[in-house]
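K.L.:
Before anything else, here's the structure in question.
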Amino acid sequence: MNPSHSILLASTQALELQQALQTNLDTVRIDSLTDATRLVAQLSQHSYQLLVADLSFLCCVFETESLLAEIRAIAPQTEVILLAETQERHQAVAQLRSGVADYLLCPIEAAELTLKIERILEIQELKAETSQVGQKDSAENVLLLLHQATQEISRTWEFDEALKIVLVKAHRLTQADVASIYLTDSGGKLDRNRFLNCPTEVAAQAEREAAGVTLFTLAEQAALTQATVYHQQVEASPIQSALLVPLVSRDKLIGVLGLGSRGQNGFSSNQRRWLSIFCDQVAIAIENARLFENLASAYIDLAQSREKILHSRNILQVLFDGIADSLYILDQNLTIIALNQVEAERQGYRPSELIGKSCLSLAWTRAAPELLNRIKESLETGRETTWISSENETEPYLKDQEFRIYPIRNRIGHIEQVVVFGQDVSERRRWQASLFRSANLAAVGQLAGSVAHQINNPLTITMANSQLLLLEAQPNSEAYQLTNDILKAGLRIQKIIENLLEFSNQETYFFIEADLIETIEGALALVARSLKKDRVELVKNYEVQPKLSASVSHLKLVWMNLLLNARDAVVGYTNQPIVSISTQAISPREVKVAITDNGCGIAEKDFERLFRPFFTTKPVGKALGLGLYSAHAIVERHHGQINAYSQPGVTTTFEVVLPLDNPRDL
């Protein structure tokens with residue numbers, strides 16, 4: 001057997017097969033490959049008479065439908081034997097029909113594989129001998145190949161695909177070691193960065209780059225003369241001969257086909273003549289493909305511009321249907337030109353049933369004559385206008401609605417249509433009301449601070465006089481007891497006033513070293529009466545009593561908000577309402593405060609909105625929805641965390657984690 005034969009085994013069991021075959025095929029060079037990602041490079045860099053490969057191995061690299069065609073594009077002379085699993089038999093047979101030499105089912109018998117390889121290699125030798133007896137470059141076969149290429153190019157309208165066909169056919173005809181097409185730029189000059197390469201036998205990256213530099217330099221010469229250039233004995237280059245054929249259509253240079261060979265006489269005179277004729281013929285088809293692509297691109301640009309200019313109906317309808325509010329387009333006669341899907345459904349129709357009808361047929365135009373007048377006014381004057389329903393509106397469709405009317409002018413400035421956009425403003429009104437209540441609350445806080453200051457002055461005198469009376473009265477006398485009660489009551493009032501003064505100024509944070517338990521007890525002093533009134537049992541469990549850097553008044557507000565929320569959750573829900581507050585160290589630098597109740601709990605759907613401003617599950621007017629929001633904001637300013645955990649009907653816990661040290665310049 002010819003010692004120049006070479007086989008590539010591409011399989012997960014390539015190494016075992018190589019050892020088994022090497023004994024019987026000792027004159028054949030056998031390479032093995034177990035990495036599918038290197039298959040294309042291996043076929044491009046080396047010439048093999050036969051490829052023995054797993055079907056699944058090849059399907060990882062090539063498209064199954066064009067598997068053999070893609071292999072032949074890289075290695076035209078390579079035959080293929082497939083190794084297939086039993087369940088892949090139908091696929092293997094399909095590949096056999098497409099031109100694969102043979103296939104074997106796993107498990108592979110080395111003897112059977114050896115016989116098939118020997119048979120295929122013998123057939124190849126026979127073909128080679130027959131080819132040598134006849135004329136090496138059969139004119140009929142070459143002309144048939146070039147004719148087929150011309151037909152393929154004429155059937156494609158893709159510029160890159162047409163160039164690829166030229167490149168592959170030229171490489172197949174000449175068996176060149178390097179094949180490239182260099183393209184021109186917008187100015188008609190060859191661009192070094194615009195080219196196509198065909199996988200060839202020049203293996204090393206350095207050799208490919210050196211060959212590419214040589215071919216491009218020679219291609220520039222061919223571009224200048226627009227004539228075929230043939231060079232032999234090229235110095236300082238991996239290629240010894242080069243053939244450069246310009247692609248010219250209607251006196252316009254498209255590019256240059258460059259072919260390089262390691263041999264000094266790499267291209268015969270027939271090949272040069274045929275390629276020159278072939279390139280002249282296909283250049284027009286290639287240029288037509290490029291013009292078609294440019295035309296298609298221009299058409300797309302024109303279509304896009306037309307859609308933008310004319311506000312394409314389809315795009316407008318998509319935009320309409322994506323809007324949840326009411327949207328109409330009306331003409332001068334108040335005819336409905338377009339409306340969105342949501343609005344049509346709200347009226348009880350499909351959009352197609354309302355388009356073309358007068359909007360006067362809809363109930364809302366009769367219920368809101370002022371809105372209709374605003375629409376007519378905008379059509380007449382071209383001014384944008386707005387109509388807002390009153391807060392006591394009884395018509396369900398118009399309740400809490402704001403309508404904005406925008407005129408649409410034609411190209412000469414005349415008003416042709418108006419856009420009527422109706423938006424639900426109920427949420428905005430609720431926010432405005434909440435903000436108004438917040439402003440009132442802030443005013444009440446300021447008033448409370450002012451009143452506290454006014455009370456503080458006479459209280460100071462009362463407490464001072466009671467202390468003087470205690471000094472004069474006998475300890476066992478009734479006067480002493482009464483005076484002592486006055487002093488104690490004054491101290492309680494003084495403590496309440498201090499808390500009111502702290503809460504009346506919540507904007508400024510003063511970080512000082514504070515006792516955590518004192519902040520909790522300070523908040524309890526304000527809410528204890530409320531808890532006792534509602535018969536809520538308060539449980540305290542202070543495991544730690546740390547000092548921490550904090551804004552005392554703000555921390556008190558956090559505990560007060562959480563305790564009041566816990567009270568509201570248990571009152572009326574359970575016969576034995578319990579609220580517990582505990583402290584626990586979770587690290588040397590952090591402490592946790594937990595407030596737990598056995599109330600109604602928190603629904604899972606509400607957790608995401610729990611700390612948002614103005615969110616509340618309580619009835620309208622019962623709460624502002626600012627308690628948890630302000631608590632969350634205060635804890636964040638203390639570089640802490642607040643989390644909620646709830647088992648509805650069992651327990652709900654709010655945990656606040658605070659660092660023991662904080663910057664004092666916030």
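Chain labels run A, B, ... following the order of the structure tokens; each chain numbers its residues from 1, and ligands are numbered from 1 in the order shown.
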For the strand (DSSP E or B) assignment from backbone DSSP, which residues of segment 204-277 of chain A qualify? Please present them as a PyMOL selection string.

P.N.:
chain A and resi 229-232+241-249+252-261

K.L.:
Which is closer to Leu50 of chain A than all the others in A:Asn340, A:Ser6, A:Thr12, A:Asn197, using only C-alpha atoms?

P.N.:
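Result for the nearest residue to Leu50 of chain A: A:Ser6.
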
K.L.:
Show which residues sit within 9 Å of Gly99 of chain A, as a ChimeraX atom specification. Count only C-alpha atoms, and ignore same-chain residues fewer than 2 positions away.

P.N.:
/A:68,79-80,95-97,101-102

K.L.:
Would you mind listing what lies within 12 Å of Thr34 of chain A as a list in words, with only C-alpha atoms counted and same-chain residues fewer than 4 positions away left out?

P.N.:
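Counting only the stated atoms, we get Leu8, Leu9, Ala10, Ser11, Thr12, Gln13, Ala14, Leu15, Glu16, Leu17, Gln18, Arg38, Leu39, Gln42, Val52, Ala53, Asp54, Phe57 and Leu58 of chain A.
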
K.L.:
Please provide as a list of chain:residue names all residues within 12 Å of Ala69 of chain A, with the sequence filter that same-chain residues fewer than 5 positions apart are discarded (counting only C-alpha atoms).

P.N.:
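The filter keeps A:Phe62, A:Glu63, A:Thr64, A:Ile74, A:Ala75, A:Pro76, A:Gln77, A:Thr78, A:Glu79, A:Val80, A:Gln95, A:Ser98, A:Gly99, A:Val100, A:Val168.
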
K.L.:
Could you dump the residues just selected with N, CA and C atoms as a short mmCIF file (atom, residue, chain, number, x, y, z; two decimals), in the first residue's frame?

P.N.:
```
data_model
loop_
_atom_site.label_atom_id
_atom_site.label_comp_id
_atom_site.auth_asym_id
_atom_site.auth_seq_id
_atom_site.Cartn_x
_atom_site.Cartn_y
_atom_site.Cartn_z
N PHE A 62 -20.17 20.21 12.71
CA PHE A 62 -20.83 20.59 11.46
C PHE A 62 -22.34 20.41 11.57
N GLU A 63 -23.08 21.11 10.67
CA GLU A 63 -24.51 20.93 10.58
C GLU A 63 -24.81 19.53 10.04
N THR A 64 -25.75 18.80 10.64
CA THR A 64 -26.02 17.41 10.26
C THR A 64 -26.45 17.30 8.81
N ILE A 74 -13.47 21.97 3.31
CA ILE A 74 -12.17 22.11 3.97
C ILE A 74 -11.15 21.15 3.39
N ALA A 75 -11.56 19.89 3.17
CA ALA A 75 -10.66 18.84 2.67
C ALA A 75 -11.34 18.13 1.50
N PRO A 76 -11.21 18.66 0.28
CA PRO A 76 -11.97 18.15 -0.87
C PRO A 76 -11.65 16.69 -1.20
N GLN A 77 -10.42 16.21 -0.97
CA GLN A 77 -10.01 14.87 -1.39
C GLN A 77 -10.21 13.82 -0.30
N THR A 78 -10.75 14.20 0.82
CA THR A 78 -10.85 13.28 1.96
C THR A 78 -12.15 12.50 1.91
N GLU A 79 -12.04 11.14 1.98
CA GLU A 79 -13.21 10.28 2.11
C GLU A 79 -13.55 10.12 3.59
N VAL A 80 -14.81 9.73 3.88
CA VAL A 80 -15.27 9.67 5.26
C VAL A 80 -15.89 8.31 5.56
N GLN A 95 -26.45 9.86 5.77
CA GLN A 95 -25.16 10.42 5.37
C GLN A 95 -24.54 9.58 4.25
N SER A 98 -25.76 10.81 1.06
CA SER A 98 -25.21 12.11 0.67
C SER A 98 -23.76 12.02 0.17
N GLY A 99 -23.13 10.82 0.27
CA GLY A 99 -21.80 10.67 -0.31
C GLY A 99 -20.73 10.15 0.62
N VAL A 100 -21.09 9.85 1.89
CA VAL A 100 -20.12 9.27 2.81
C VAL A 100 -19.69 7.89 2.28
N VAL A 168 -13.91 29.14 -3.14
CA VAL A 168 -13.87 27.68 -2.98
C VAL A 168 -13.61 26.99 -4.32
#
```

K.L.:
To one decimal in Å, tell me the separation between atom CA of Tyr397 of chain A and atom CA of Gln417 of chain A.

P.N.:
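Pair atom CA of Tyr397 of chain A / atom CA of Gln417 of chain A returns 23.4 Å.
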
K.L.:
Which residues are near Pro246 of chain A? Cut-off 10 Å, only C-alpha atoms, ignore same chain within fewer than 2 positions. Put them as number ranges by chain.

P.N.:
A: 181-182, 219-229, 244, 248-249, 253-258, 276, 279-280, 283

K.L.:
Hey, what's within 8 Å of segment 349-356 of chain A if we count only C-alpha atoms and toss same-chain stuff fewer than 4 positions away? As a VMD selection string, please?

P.N.:
chain A and resid 335 to 341 344 to 345

K.L.:
To one decimal place, how far is atom CA of Gln454 of chain A from atom CA of Leu487 of chain A in Å?

P.N.:
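One can read the atom CA of Gln454 of chain A to atom CA of Leu487 of chain A distance as 18.7 Å.
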
K.L.:
Point out the residue among A:Gln576, A:Ser180, A:Thr596, A:Ser530 with the least atom-to-atom distance to Ser646 of chain A, counting only C-alpha atoms.

P.N.:
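The answer is A:Thr596, which sits nearest to Ser646 of chain A.
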